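Enquirer: Next up, model.cif (mmCIF, C-alpha atoms).
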```cif
data_work
loop_
_atom_site.label_atom_id
_atom_site.label_comp_id
_atom_site.auth_asym_id
_atom_site.auth_seq_id
_atom_site.Cartn_x
_atom_site.Cartn_y
_atom_site.Cartn_z
CA MET A 29 0.00 0.00 0.00
CA ARG A 30 1.31 3.47 -0.89
CA PRO A 31 2.20 5.51 2.21
CA PRO A 32 0.10 8.64 2.88
CA ARG A 33 1.26 11.87 1.24
CA ALA A 34 2.33 13.31 4.58
CA VAL A 35 4.68 10.36 5.08
CA ILE A 36 6.23 10.78 1.63
CA SER A 37 6.77 14.51 2.20
CA ILE A 38 9.44 13.87 4.82
CA ALA A 39 10.83 10.66 3.36
CA ALA A 40 14.25 12.21 2.77
CA ALA A 41 14.48 13.46 6.36
CA VAL A 42 13.45 10.11 7.79
CA ALA A 43 15.79 8.22 5.51
CA ALA A 44 18.70 10.45 6.44
CA ALA A 45 17.91 10.06 10.13
CA ALA A 46 17.99 6.31 9.69
CA GLY A 47 21.25 6.48 7.74
CA ILE A 48 19.61 5.59 4.41
CA THR A 49 20.07 7.78 1.34
CA ALA A 50 17.27 8.49 -1.11
CA VAL A 51 19.39 6.86 -3.81
CA THR A 52 19.63 3.65 -1.78
CA LEU A 53 15.85 3.61 -1.38
CA ALA A 54 15.32 4.10 -5.11
CA LEU A 55 17.79 1.38 -6.10
CA ALA A 56 16.24 -1.05 -3.65
CA GLY A 57 12.74 -0.22 -4.85
CA CYS A 58 11.72 0.56 -1.26
CA ALA A 59 8.85 2.76 -0.17
CA PRO A 60 9.68 5.59 2.25
CA PRO A 61 9.75 4.53 5.91
CA TYR A 62 6.25 4.24 7.37
CA LEU A 63 5.62 6.24 10.52
CA GLU A 64 2.39 5.35 12.30
CA ALA A 65 2.38 8.55 14.36
CA LEU A 66 2.53 10.62 11.19
CA ASP A 67 -0.16 8.55 9.51
CA GLN A 68 -2.51 9.17 12.46
CA ALA A 69 -2.08 12.92 12.11
CA ALA A 70 -1.92 13.04 8.29
CA ASN A 71 -5.39 14.52 7.70
CA VAL A 72 -4.65 17.41 10.04
CA VAL A 73 -1.02 18.21 9.29
CA GLY A 74 -1.61 17.85 5.56
CA LYS A 75 -3.59 21.11 5.79
CA MET A 76 -0.82 22.94 7.65
CA ALA A 77 2.55 24.25 6.53
CA LEU A 78 5.44 21.94 7.44
CA VAL A 79 7.92 24.42 8.91
CA GLY A 80 10.61 21.75 9.06
CA THR A 81 11.98 18.60 10.64
CA ILE A 82 14.71 18.42 13.26
CA GLY A 83 16.61 15.36 14.40
CA PRO A 84 17.42 12.63 14.92
CA MET A 85 17.82 12.87 18.67
CA ASP A 86 19.14 9.88 20.61
CA LEU A 87 17.09 9.07 23.68
CA SER A 88 16.82 6.20 26.10
CA ASP A 89 14.29 3.49 25.30
CA ARG A 90 12.62 4.55 28.56
CA ALA A 91 11.83 8.03 27.23
CA THR A 92 8.12 8.86 27.32
CA ASN A 93 5.86 11.89 26.95
CA LEU A 94 8.07 13.54 24.33
CA ARG A 95 7.32 17.14 23.38
CA PHE A 96 9.08 19.72 21.26
CA TYR A 97 8.67 23.47 21.70
CA PRO A 98 10.20 25.34 18.74
CA ALA A 99 11.93 28.64 19.37
CA LYS A 100 9.55 31.46 18.54
CA PRO A 101 10.11 32.70 15.00
CA THR A 102 11.80 35.93 14.01
CA ALA A 103 11.21 35.56 10.26
CA SER A 104 8.57 37.58 8.44
CA SER A 105 7.14 34.48 6.70
CA VAL A 106 6.79 30.80 7.52
CA GLY A 107 8.94 29.93 4.52
CA GLY A 108 11.72 32.08 5.97
CA ILE A 109 11.91 30.25 9.31
CA GLY A 110 14.21 27.50 7.99
CA THR A 111 15.18 24.40 9.96
CA PRO A 112 13.44 24.66 13.33
CA CYS A 113 15.30 24.66 16.61
CA GLY A 114 13.91 24.59 20.11
CA PHE A 115 13.39 22.81 23.40
CA ALA A 116 12.85 19.04 23.54
CA VAL A 117 11.20 17.71 26.71
CA TRP A 118 10.79 14.09 27.77
CA ASP A 119 10.28 11.93 30.87
CA ASP A 120 12.47 9.04 31.94
CA GLY A 121 10.58 7.80 34.99
CA ALA A 122 11.84 9.86 37.92
CA ASN A 123 12.71 13.06 36.07
CA GLU A 124 11.57 15.37 33.31
CA ASN A 125 14.38 16.40 31.00
CA ILE A 126 14.87 19.41 28.75
CA SER A 127 17.48 20.02 26.07
CA PHE A 128 17.88 22.47 23.21
CA LEU A 129 17.96 21.02 19.70
CA SER A 130 19.43 22.79 16.70
CA GLY A 131 20.79 21.92 13.28
CA SER A 132 20.50 18.21 12.53
CA GLY A 133 19.50 17.34 16.08
CA GLY A 134 22.56 18.33 18.07
CA SER A 135 21.69 19.16 21.65
CA GLY A 136 23.34 21.39 24.19
CA GLY A 137 23.04 21.87 27.91
CA GLY A 138 20.49 19.25 28.99
CA GLN A 139 18.85 19.61 32.40
CA SER A 140 16.70 17.30 34.56
CA ASN A 141 13.96 18.18 37.05
CA SER A 142 12.22 15.82 39.46
CA LEU A 143 8.74 14.50 38.72
CA ALA A 144 8.00 13.87 42.39
CA GLY A 145 4.41 14.81 43.17
CA ALA A 146 3.27 14.82 39.53
CA ASP A 147 -0.50 14.60 38.89
CA PRO A 148 -1.40 12.42 35.86
CA ASN A 149 -4.02 14.96 34.76
CA TYR A 150 -1.82 18.05 34.78
CA PRO A 151 1.74 18.86 33.74
CA LEU A 152 3.99 19.40 36.75
CA TYR A 153 6.03 21.84 34.68
CA ASP A 154 4.62 24.43 32.29
CA TYR A 155 6.94 25.42 29.43
CA ALA A 156 6.24 29.03 28.51
CA VAL A 157 8.22 29.76 25.34
CA MET A 158 9.09 33.45 25.07
CA ASN A 159 9.74 35.61 22.04
CA THR A 160 13.21 35.16 20.58
CA ILE A 161 14.97 38.42 21.44
CA SER A 162 18.45 39.42 20.21
CA GLY A 163 19.06 35.99 18.71
CA THR A 164 18.36 34.07 21.92
CA ALA A 165 15.63 31.47 22.34
CA ALA A 166 14.13 31.31 25.82
CA VAL A 167 11.62 29.32 27.82
CA MET A 168 10.30 30.02 31.31
CA VAL A 169 9.56 26.81 33.19
CA ILE A 170 6.92 27.14 35.89
CA HIS A 171 6.81 24.32 38.43
CA TYR A 172 3.30 24.11 39.84
CA ASP A 173 3.29 22.51 43.25
CA PRO A 174 -0.30 21.41 43.98
CA THR A 175 0.37 20.48 47.60
CA ALA A 176 1.77 23.71 49.01
CA ALA A 177 2.47 27.36 48.25
CA ALA A 178 5.83 26.35 46.81
CA SER A 179 5.50 26.93 43.07
CA GLN A 180 8.70 28.11 41.40
CA TYR A 181 9.98 29.39 38.09
CA LEU A 182 13.26 29.09 36.20
CA GLU A 183 14.39 30.34 32.78
CA TYR A 184 16.50 28.45 30.24
CA ASN A 185 17.86 30.19 27.18
CA ALA A 186 20.01 29.29 24.18
CA PRO A 187 21.75 31.67 21.75
CA LEU A 188 20.79 30.56 18.25
CA SER A 189 24.43 31.05 17.18
CA THR A 190 25.69 28.30 19.52
CA GLY A 191 22.64 26.20 20.37
CA VAL A 192 23.96 25.74 23.91
CA MET A 193 21.24 25.94 26.56
CA THR A 194 22.03 27.46 29.93
CA GLN A 195 20.09 27.97 33.13
CA VAL A 196 19.42 31.58 34.08
CA GLY A 197 19.74 32.01 37.81
CA SER A 198 18.07 29.45 40.08
CA TRP A 199 14.58 28.27 40.95
CA THR A 200 12.65 31.19 42.44
CA GLY A 201 9.44 30.95 44.44
CA VAL A 202 6.45 32.49 42.65
CA ASN A 203 4.56 33.13 45.86
CA GLY A 204 5.98 36.21 47.52
CA ALA A 205 8.56 36.89 44.79
CA LEU A 206 6.26 37.57 41.86
CA LEU A 207 3.16 38.49 43.83
CA PRO A 208 2.27 39.54 47.37
CA SER A 209 2.36 36.64 49.78
CA GLY A 210 -0.77 34.53 50.08
CA TRP A 211 -1.71 34.28 46.41
CA ILE A 212 -1.01 30.72 45.19
CA PRO A 213 -0.76 30.20 41.40
CA ILE A 214 -2.59 27.12 40.12
CA GLY A 215 -2.35 27.57 36.33
CA GLY A 216 -1.32 29.95 33.58
CA ALA A 217 -0.23 30.44 29.99
CA VAL A 218 1.63 32.84 27.70
CA GLN A 219 -0.22 35.63 25.95
CA PRO A 220 1.59 36.30 22.64
CA ALA A 221 3.17 39.68 22.03
CA LEU A 222 4.45 41.19 18.80
CA PRO A 223 8.28 40.88 18.75
CA PRO A 224 10.51 42.30 19.98
CA THR A 225 8.16 42.91 22.90
CA LEU A 226 8.47 40.40 25.73
CA ASP A 227 5.45 38.16 26.22
CA ASN A 228 3.02 38.31 29.12
CA TYR A 229 2.08 35.37 31.35
CA GLY A 230 -1.49 35.32 32.61
CA ALA A 231 -2.20 33.20 35.67
CA LEU A 232 -4.99 32.06 37.97
CA PHE A 233 -4.44 32.42 41.71
CA ILE A 234 -6.16 31.24 44.87
CA ASN A 235 -5.95 32.96 48.24
CA GLY A 236 -7.85 31.25 51.05
CA GLY A 237 -10.75 30.30 48.79
CA THR A 238 -10.76 33.59 46.86
CA VAL A 239 -10.07 33.48 43.11
CA GLY A 240 -7.83 36.08 41.51
CA GLU A 241 -6.60 36.59 37.96
CA SER A 242 -3.53 38.57 37.01
CA GLY A 243 -0.64 38.75 34.60
CA ALA A 244 3.00 39.80 34.48
CA SER A 245 5.49 40.35 31.69
CA PHE A 246 8.72 38.41 31.42
CA ASN A 247 11.67 40.68 32.17
CA GLY A 248 14.20 39.03 29.84
CA THR A 249 16.69 38.35 32.63
CA GLY A 250 15.29 35.19 34.16
CA GLY A 251 12.18 36.47 35.87
CA PHE A 252 9.04 38.57 35.66
CA VAL A 253 8.23 42.22 35.93
CA ALA A 254 6.64 42.20 39.38
CA GLY A 255 2.86 42.12 39.17
CA SER A 256 0.30 43.62 41.49
CA ALA A 257 -1.98 41.53 43.66
CA PRO A 258 -4.84 39.99 41.68
CA SER A 259 -8.21 41.61 42.09
CA PRO A 260 -10.66 39.11 43.64
CA ASP A 261 -12.99 37.61 41.04
CA THR A 262 -16.28 37.90 42.88
CA THR A 263 -18.25 35.88 40.31
CA ALA A 264 -15.91 32.88 40.08
CA PRO A 265 -17.70 29.63 41.04
CA ALA A 266 -16.90 27.96 44.35
CA THR A 267 -15.66 24.85 42.53
CA VAL A 268 -12.86 26.90 40.98
CA ALA A 269 -12.06 28.54 44.30
CA GLY A 270 -11.46 25.09 45.78
CA LEU A 271 -8.94 23.92 43.17
CA THR A 272 -5.25 23.32 43.81
CA ARG A 273 -4.34 22.91 40.11
CA ALA A 274 -5.98 23.81 36.81
CA LEU A 275 -5.24 24.77 33.22
CA TYR A 276 -5.83 28.48 32.68
CA TYR A 277 -5.78 30.74 29.64
CA ALA A 278 -6.16 34.50 29.84
CA GLY A 279 -7.61 36.58 27.02
CA GLY A 280 -5.64 39.74 27.73
CA ALA A 281 -7.46 42.79 26.37
CA THR A 282 -10.68 40.79 25.88
CA ASN A 283 -10.91 40.24 29.66
CA THR A 284 -12.37 36.79 28.93
CA ASN A 285 -10.52 33.84 30.43
CA PHE A 286 -10.92 30.07 30.52
CA VAL A 287 -10.17 27.53 33.22
CA SER A 288 -10.14 23.79 32.53
CA TYR A 289 -9.93 21.19 35.30
CA TYR A 290 -10.45 17.47 35.86
CA SER A 291 -13.13 16.36 38.30
CA GLY A 292 -15.15 13.19 38.76
CA GLY A 293 -13.71 11.56 35.64
CA ASN A 294 -14.52 14.51 33.38
CA TRP A 295 -12.91 17.69 32.09
CA ILE A 296 -14.87 20.79 33.08
CA CYS A 297 -14.46 24.24 31.57
CA TYR A 298 -15.59 27.66 32.79
CA LYS A 299 -15.49 30.98 30.99
CA LEU A 300 -14.55 33.70 33.46
CA VAL A 301 -15.16 37.40 32.95
CA PRO A 302 -13.64 38.67 36.23
CA SER A 303 -16.21 39.99 38.70
CA THR A 304 -18.79 40.10 35.89
CA SER A 305 -19.83 36.54 35.07
CA SER A 306 -18.82 32.89 35.05
CA THR A 307 -20.27 30.40 32.57
CA LEU A 308 -20.09 26.63 32.71
CA MET A 309 -19.05 25.66 29.17
CA SER A 310 -21.12 22.50 28.98
CA GLY A 311 -20.37 22.16 25.27
CA ILE A 312 -16.61 21.85 25.92
CA THR A 313 -16.15 18.34 27.25
CA HIS A 314 -12.41 17.76 26.76
CA ARG A 315 -9.24 19.22 28.22
CA VAL A 316 -8.52 22.72 26.93
CA ASP A 317 -4.96 23.15 25.62
CA GLY A 318 -5.08 26.65 24.19
CA PHE A 319 -7.12 29.84 23.83
CA LEU A 320 -6.68 31.39 20.39
CA SER A 321 -6.83 35.04 19.36
CA THR A 322 -9.94 34.21 17.28
CA GLY A 323 -11.84 33.53 20.51
CA ASP A 324 -11.90 29.75 20.00
CA VAL A 325 -10.30 27.19 22.32
CA LEU A 326 -8.65 23.98 21.18
CA SER A 327 -8.00 20.56 22.65
CA THR A 328 -5.62 17.72 21.76
CA ASP A 329 -7.14 15.43 24.38
CA GLY A 330 -7.32 11.72 23.50
CA GLY A 331 -5.42 11.93 20.23
CA MET A 332 -8.02 14.22 18.64
CA LEU A 333 -7.61 17.85 17.66
CA ARG A 334 -10.84 19.67 18.49
CA LEU A 335 -11.79 23.30 17.97
CA TYR A 336 -14.54 24.85 20.08
CA ASN A 337 -16.66 27.93 19.58
CA THR A 338 -16.83 29.79 22.92
CA SER A 339 -20.11 31.62 22.36
CA GLY A 340 -22.80 30.81 24.91
CA THR A 341 -21.93 27.55 26.66
CA GLY A 342 -19.57 26.43 23.91
CA SER A 343 -19.92 24.07 20.98
CA GLN A 344 -17.56 21.90 18.96
CA ARG A 345 -16.71 23.27 15.53
CA TRP A 346 -14.92 20.11 14.37
CA ALA A 347 -12.80 17.18 15.53
CA MET A 348 -10.04 15.37 13.64
CA GLN A 349 -7.76 12.48 14.54
CA SER A 350 -4.36 13.94 15.34
CA GLY A 351 -2.41 11.18 17.12
CA GLY A 352 0.37 12.70 19.19
CA LEU A 353 0.16 16.19 17.64
CA GLN A 354 1.00 18.79 20.29
CA PHE A 355 -0.18 22.40 20.37
CA CYS A 356 2.88 24.52 21.17
CA TYR A 357 1.70 28.12 21.21
CA GLU A 358 0.33 31.00 19.16
CA ALA A 359 2.99 33.40 17.89
CA TYR A 360 3.52 36.18 15.40
CA VAL A 361 5.15 35.55 12.03
CA GLY A 362 5.62 39.06 10.74
CA SER A 363 2.38 40.74 11.80
CA THR A 364 0.21 37.61 11.47
CA LEU A 365 -0.64 35.26 14.32
CA TYR A 366 0.00 31.57 13.64
CA ALA A 367 -0.80 28.46 15.65
CA PHE A 368 2.27 26.22 15.97
CA PHE A 369 2.18 22.47 16.48
CA SER A 370 4.83 19.75 16.80
CA LEU A 371 4.82 15.99 16.33
CA ALA A 372 7.35 13.57 17.85
CA LEU A 373 8.15 10.70 15.46
CA PRO A 374 9.96 7.56 16.66
CA LEU A 375 12.54 5.94 14.40
CA THR A 376 14.62 2.99 15.63
CA HIS A 377 17.08 2.34 18.45
CA GLY A 378 15.85 5.24 20.59
CA LYS A 379 16.09 7.84 17.81
CA TRP A 380 13.40 10.50 17.36
CA ILE A 381 12.71 13.31 14.95
CA PHE A 382 10.31 16.22 15.42
CA ASN A 383 8.11 17.88 12.81
CA VAL A 384 6.97 21.46 13.31
CA TYR A 385 3.79 22.75 11.66
CA ALA A 386 2.12 26.14 11.46
CA ILE A 387 -1.19 27.53 10.25
CA PRO A 388 -2.57 31.09 10.37
CA THR A 389 -4.82 31.22 13.40
CA SER A 390 -7.51 32.79 11.23
CA SER A 391 -7.55 29.57 9.13
CA MET A 392 -8.14 27.22 12.06
CA GLN A 393 -11.94 27.29 11.76
CA GLY A 394 -11.71 26.02 8.18
CA LEU A 395 -9.30 23.20 9.04
CA GLY A 396 -11.95 20.61 9.91
#
```
Would you write out, as structure tokens, the structure that this file holds?
Expert:
Amino acid sequence: MRPPRAVISIAAAVAAAAGITAVTLALAGCAPPYLEALDQAANVVGKMALVGTIGPMDLSDRATNLRFYPAKPTASSVGGIGTPCGFAVWDDGANENISFLSGSGGSGGGQSNSLAGADPNYPLYDYAVMNTISGTAAVMVIHYDPTAAASQYLEYNAPLSTGVMTQVGSWTGVNGALLPSGWIPIGGAVQPALPPTLDNYGALFINGGTVGESGASFNGTGGFVAGSAPSPDTTAPATVAGLTRALYYAGGATNTNFVSYYSGGNWICYKLVPSTSSTLMSGITHRVDGFLSTGDVLSTDGGMLRLYNTSGTGSQRWAMQSGGLQFCYEAYVGSTLYAFFSLALPLTHGKWIFNVYAIPTSSMQGLG
């Protein structure tokens, strides 16, 4: 059977990663290597632009939960981005590891962080990729501790000229350092900014059963521009006020935010307009993984890419099989906002490659 078009499109990259030239394949009469993970996502990624493929990366056979966060683009067009580089993240049992990949998969400056206390429904570490400023890729890692007011943050950056990742400073407590003492962060996400402006991070906080929502800009030197205390959200539901961890996405100037949390075997979503209204989004029944500038939210829960309309109580626009496709972030390419995705593809003997895809956010509704 002929492999899907999406598989053929990266045949040369896969063959090279496996040490097989295209000429060898042709002489042998072989079809391009078949990648099940790519086949599962073919209908979705075939409608996106393939930014590029990076790898192979050698990992232990124990590596699980692989993700790739490309450095935010500085080019004025997707075609001008070139071979992607960025932060690869994977688990090995006791630890979560991060390394910077560039070129043909070379890595520099790997780091490991403990997975002790991880909740299977939420990431223990949130990887907030920042705008690439002055030729340096950067990611702020927020460690959400659901058991105590001990959440911390730490920045890693990598000059694109060297590809060597370094740690900026040391782990710093969010509570008391970023905000007045007492406010405990339980979730947050990056709000994209037009380069070279530094991005903002919007977060949801709890203080003795009171819900607060606030944001702070990254300062470019390993921390945040200190934020003010969140204003209490007087209309937030009591169920949200009782959470110790959630997924949260702030709408910035729209003042419309979304919180997604797991309870009783189901994912529940609320739309929060601080101190104005809260709406149970009964039409959004899967984990929310991103809030787009179009006003829609998306989910990659259960190997399906779903897009939801957020009017009223929410409704599904479409759903498509996507396998292990990961939503990375929304970012500007020139003056246009794009949604970026990545897909980890296993080869043999612990080798992996990563595909990076992009689509104008305004085209997402027509994807399904």
Enquirer: Just to confirm, what's the straight-line distance from CA of Glu64 in chain A to CA of Leu152 in chain A in Å (one decimal)?
Expert: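 If I compute the distance from CA of Glu64 in chain A to CA of Leu152 in chain A, I get 28.2 Å.
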Enquirer: What is the CA of Thr92 in chain A-CA of Gly251 in chain A distance in Å, reported with one decimal?
Expert: 29.2 Å
Enquirer: Residues picked by the PyMOL selection byres ((chain A and resi 369-381) around 7) here, as an mmCIF file with C-alpha atoms, in the frame of the given file?
Expert:
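Listed below is the output, part00.cif:
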```cif
data_model
loop_
_atom_site.group_PDB
_atom_site.id
_atom_site.type_symbol
_atom_site.label_atom_id
_atom_site.label_comp_id
_atom_site.auth_asym_id
_atom_site.auth_seq_id
_atom_site.Cartn_x
_atom_site.Cartn_y
_atom_site.Cartn_z
ATOM 1 C CA ALA A 65 2.380 8.550 14.360
ATOM 2 C CA THR A 81 11.980 18.600 10.640
ATOM 3 C CA ILE A 82 14.710 18.420 13.260
ATOM 4 C CA GLY A 83 16.610 15.360 14.400
ATOM 5 C CA PRO A 84 17.420 12.630 14.920
ATOM 6 C CA MET A 85 17.820 12.870 18.670
ATOM 7 C CA ASP A 86 19.140 9.880 20.610
ATOM 8 C CA LEU A 87 17.090 9.070 23.680
ATOM 9 C CA SER A 88 16.820 6.200 26.100
ATOM 10 C CA ASP A 89 14.290 3.490 25.300
ATOM 11 C CA LEU A 94 8.070 13.540 24.330
ATOM 12 C CA ARG A 95 7.320 17.140 23.380
ATOM 13 C CA PHE A 96 9.080 19.720 21.260
ATOM 14 C CA GLY A 352 0.370 12.700 19.190
ATOM 15 C CA LEU A 353 0.160 16.190 17.640
ATOM 16 C CA GLN A 354 1.000 18.790 20.290
ATOM 17 C CA PHE A 355 -0.180 22.400 20.370
ATOM 18 C CA CYS A 356 2.880 24.520 21.170
ATOM 19 C CA ALA A 367 -0.800 28.460 15.650
ATOM 20 C CA PHE A 368 2.270 26.220 15.970
ATOM 21 C CA PHE A 382 10.310 16.220 15.420
ATOM 22 C CA ASN A 383 8.110 17.880 12.810
ATOM 23 C CA VAL A 384 6.970 21.460 13.310
ATOM 24 C CA TYR A 385 3.790 22.750 11.660
ATOM 25 C CA ALA A 386 2.120 26.140 11.460
#
```
Enquirer: Step by step, work through what the PyMOL selection byres ((chain A and resi 275-290) around 6) selects in the shown file, and finish by giving those residues as a PDB file with C-alpha atoms, keeping the file's coordinate frame.
Expert:
```
ATOM      1  CA  GLY A 215      -2.350  27.570  36.330  1.00  0.00           C
ATOM      2  CA  GLY A 216      -1.320  29.950  33.580  1.00  0.00           C
ATOM      3  CA  ALA A 217      -0.230  30.440  29.990  1.00  0.00           C
ATOM      4  CA  GLY A 230      -1.490  35.320  32.610  1.00  0.00           C
ATOM      5  CA  ALA A 274      -5.980  23.810  36.810  1.00  0.00           C
ATOM      6  CA  SER A 291     -13.130  16.360  38.300  1.00  0.00           C
ATOM      7  CA  ASN A 294     -14.520  14.510  33.380  1.00  0.00           C
ATOM      8  CA  TRP A 295     -12.910  17.690  32.090  1.00  0.00           C
ATOM      9  CA  ILE A 296     -14.870  20.790  33.080  1.00  0.00           C
ATOM     10  CA  CYS A 297     -14.460  24.240  31.570  1.00  0.00           C
ATOM     11  CA  TYR A 298     -15.590  27.660  32.790  1.00  0.00           C
ATOM     12  CA  LYS A 299     -15.490  30.980  30.990  1.00  0.00           C
ATOM     13  CA  LEU A 300     -14.550  33.700  33.460  1.00  0.00           C
ATOM     14  CA  VAL A 301     -15.160  37.400  32.950  1.00  0.00           C
ATOM     15  CA  VAL A 316      -8.520  22.720  26.930  1.00  0.00           C
TER      16      VAL A 316
END
```
Enquirer: Would you work out the distance separating CA of Thr328 in chain A from CA of Thr267 in chain A, expressed in Å to one decimal?
Expert: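 So the answer is 24.1 Å.
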Enquirer: Restricting the calculation to only C-alpha atoms: of A:Thr263, A:Asn149, A:Gly323, A:Thr249, which residue gets closest to Gly293 in chain A?
Expert: A:Asn149
Enquirer: Could you write out as a list in words the residues that the PyMOL selection byres ((chain A and resi 243) around 9) matches in the shown file?
Expert: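 What the PyMOL selection byres ((chain A and resi 243) around 9) grabs from the file is Gly216, Asn228, Tyr229, Gly230, Ala231, Leu232, Glu241, Ser242, Ala244, Ser245, Gly255, Ser256, Pro258, Ala278 and Gly280 of chain A.
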Enquirer: Using all atoms listed in the file, which protein or nucleic acid residues come within 10 Å of range 360-362 of chain A? Drop anything in the same chain fewer than 6 positions from it, and give the result as a PDB file with C-alpha atoms, in the frame of the given file.
Expert:
```pdb
ATOM      1  CA  LYS A 100       9.550  31.460  18.540  1.00  0.00           C
ATOM      2  CA  PRO A 101      10.110  32.700  15.000  1.00  0.00           C
ATOM      3  CA  THR A 102      11.800  35.930  14.010  1.00  0.00           C
ATOM      4  CA  ALA A 103      11.210  35.560  10.260  1.00  0.00           C
ATOM      5  CA  SER A 104       8.570  37.580   8.440  1.00  0.00           C
ATOM      6  CA  SER A 105       7.140  34.480   6.700  1.00  0.00           C
ATOM      7  CA  VAL A 106       6.790  30.800   7.520  1.00  0.00           C
ATOM      8  CA  GLY A 108      11.720  32.080   5.970  1.00  0.00           C
ATOM      9  CA  ILE A 109      11.910  30.250   9.310  1.00  0.00           C
ATOM     10  CA  ASN A 159       9.740  35.610  22.040  1.00  0.00           C
ATOM     11  CA  PRO A 220       1.590  36.300  22.640  1.00  0.00           C
ATOM     12  CA  ALA A 221       3.170  39.680  22.030  1.00  0.00           C
ATOM     13  CA  LEU A 222       4.450  41.190  18.800  1.00  0.00           C
ATOM     14  CA  PRO A 223       8.280  40.880  18.750  1.00  0.00           C
ATOM     15  CA  ALA A 386       2.120  26.140  11.460  1.00  0.00           C
ATOM     16  CA  PRO A 388      -2.570  31.090  10.370  1.00  0.00           C
ATOM     17  CA  THR A 389      -4.820  31.220  13.400  1.00  0.00           C
TER      18      THR A 389
END
```
Enquirer: Considering only C-alpha atoms, can you say which of A:Gly318, A:Ile387, A:Ile214, A:Gln393 comes closest to Lys75 in chain A?
Expert: A:Ile387
Enquirer: For Gly237 in chain A, which residue out of A:Pro265, A:Gly342, A:Pro213, A:Gly270 is the nearest one, using only C-alpha atoms?
Expert: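 Looking at the shortest contact to Gly237 in chain A, the residue is A:Gly270.
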Enquirer: Which residue, A:Phe128, A:Thr164, A:Gln68, A:Val79, has the smallest gap to Thr111 in chain A when you use all atoms listed in the file?
Expert: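 Of the candidates, the smallest distance to Thr111 in chain A is held by A:Val79.
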Enquirer: Write out as a list of chain:residue names which residues come within 7 Å of Gly114 in chain A when counting all atoms listed in the file, dropping same-chain ones fewer than 4 positions away.
Expert: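 Using all atoms listed in the file, the neighbours found are A:Phe96, A:Tyr97, A:Pro98, A:Ala99, A:Phe128, A:Leu129, A:Ser130.
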Enquirer: With only C-alpha atoms as the basis for distance, which of A:His171, A:Val192, A:Ala156, A:Leu143 is at the shortest distance from Asp227 in chain A?
Expert: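 So, comparing all the options, the nearest one is A:Ala156.
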Enquirer: Within 7 Å of Thr200 in chain A, counting all atoms listed in the file, which residues show up once you throw out same-chain ones fewer than 6 positions away? Write them as number ranges by chain, please.
Expert: A: 180-182
Enquirer: With distances taken over all atoms listed in the file, which of A:Gly292, A:Pro224, A:Pro260, A:Gly340 is nearest to Thr304 in chain A?
Expert: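 Of the candidates, the smallest distance to Thr304 in chain A is held by A:Pro260.
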Enquirer: Could you rebuild range 216-224 of chain A with N, CA, C and O atoms and give me the result as a CSV table (one decimal), in the coordinates of the input?
Expert:
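Written file, part.csv:
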```csv
chain,number,residue,atom,x,y,z
A,216,GLY,N,-1.6,28.7,34.4
A,216,GLY,CA,-1.3,30.0,33.6
A,216,GLY,C,-0.8,29.6,32.2
A,216,GLY,O,-0.6,28.5,31.9
A,217,ALA,N,-0.7,30.6,31.4
A,217,ALA,CA,-0.2,30.4,30.0
A,217,ALA,C,0.3,31.8,29.4
A,217,ALA,O,-0.1,32.8,29.9
A,218,VAL,N,1.1,31.7,28.4
A,218,VAL,CA,1.6,32.8,27.7
A,218,VAL,C,0.6,33.5,26.9
A,218,VAL,O,-0.3,32.9,26.2
A,219,GLN,N,0.6,34.8,26.9
A,219,GLN,CA,-0.2,35.6,26.0
A,219,GLN,C,0.7,36.2,24.9
A,219,GLN,O,1.7,36.9,25.3
A,220,PRO,N,0.6,35.9,23.6
A,220,PRO,CA,1.6,36.3,22.6
A,220,PRO,C,1.7,37.8,22.5
A,220,PRO,O,0.7,38.5,22.5
A,221,ALA,N,2.9,38.3,22.3
A,221,ALA,CA,3.2,39.7,22.0
A,221,ALA,C,3.9,39.8,20.7
A,221,ALA,O,4.7,38.9,20.3
A,222,LEU,N,3.8,40.9,20.1
A,222,LEU,CA,4.4,41.2,18.8
A,222,LEU,C,5.9,41.5,19.1
A,222,LEU,O,6.3,42.4,19.8
A,223,PRO,N,6.9,40.6,18.5
A,223,PRO,CA,8.3,40.9,18.8
A,223,PRO,C,8.7,42.3,18.3
A,223,PRO,O,8.1,42.8,17.3
A,224,PRO,N,9.7,42.9,18.9
A,224,PRO,CA,10.5,42.3,20.0
A,224,PRO,C,10.0,42.5,21.4
A,224,PRO,O,10.8,42.5,22.4
```
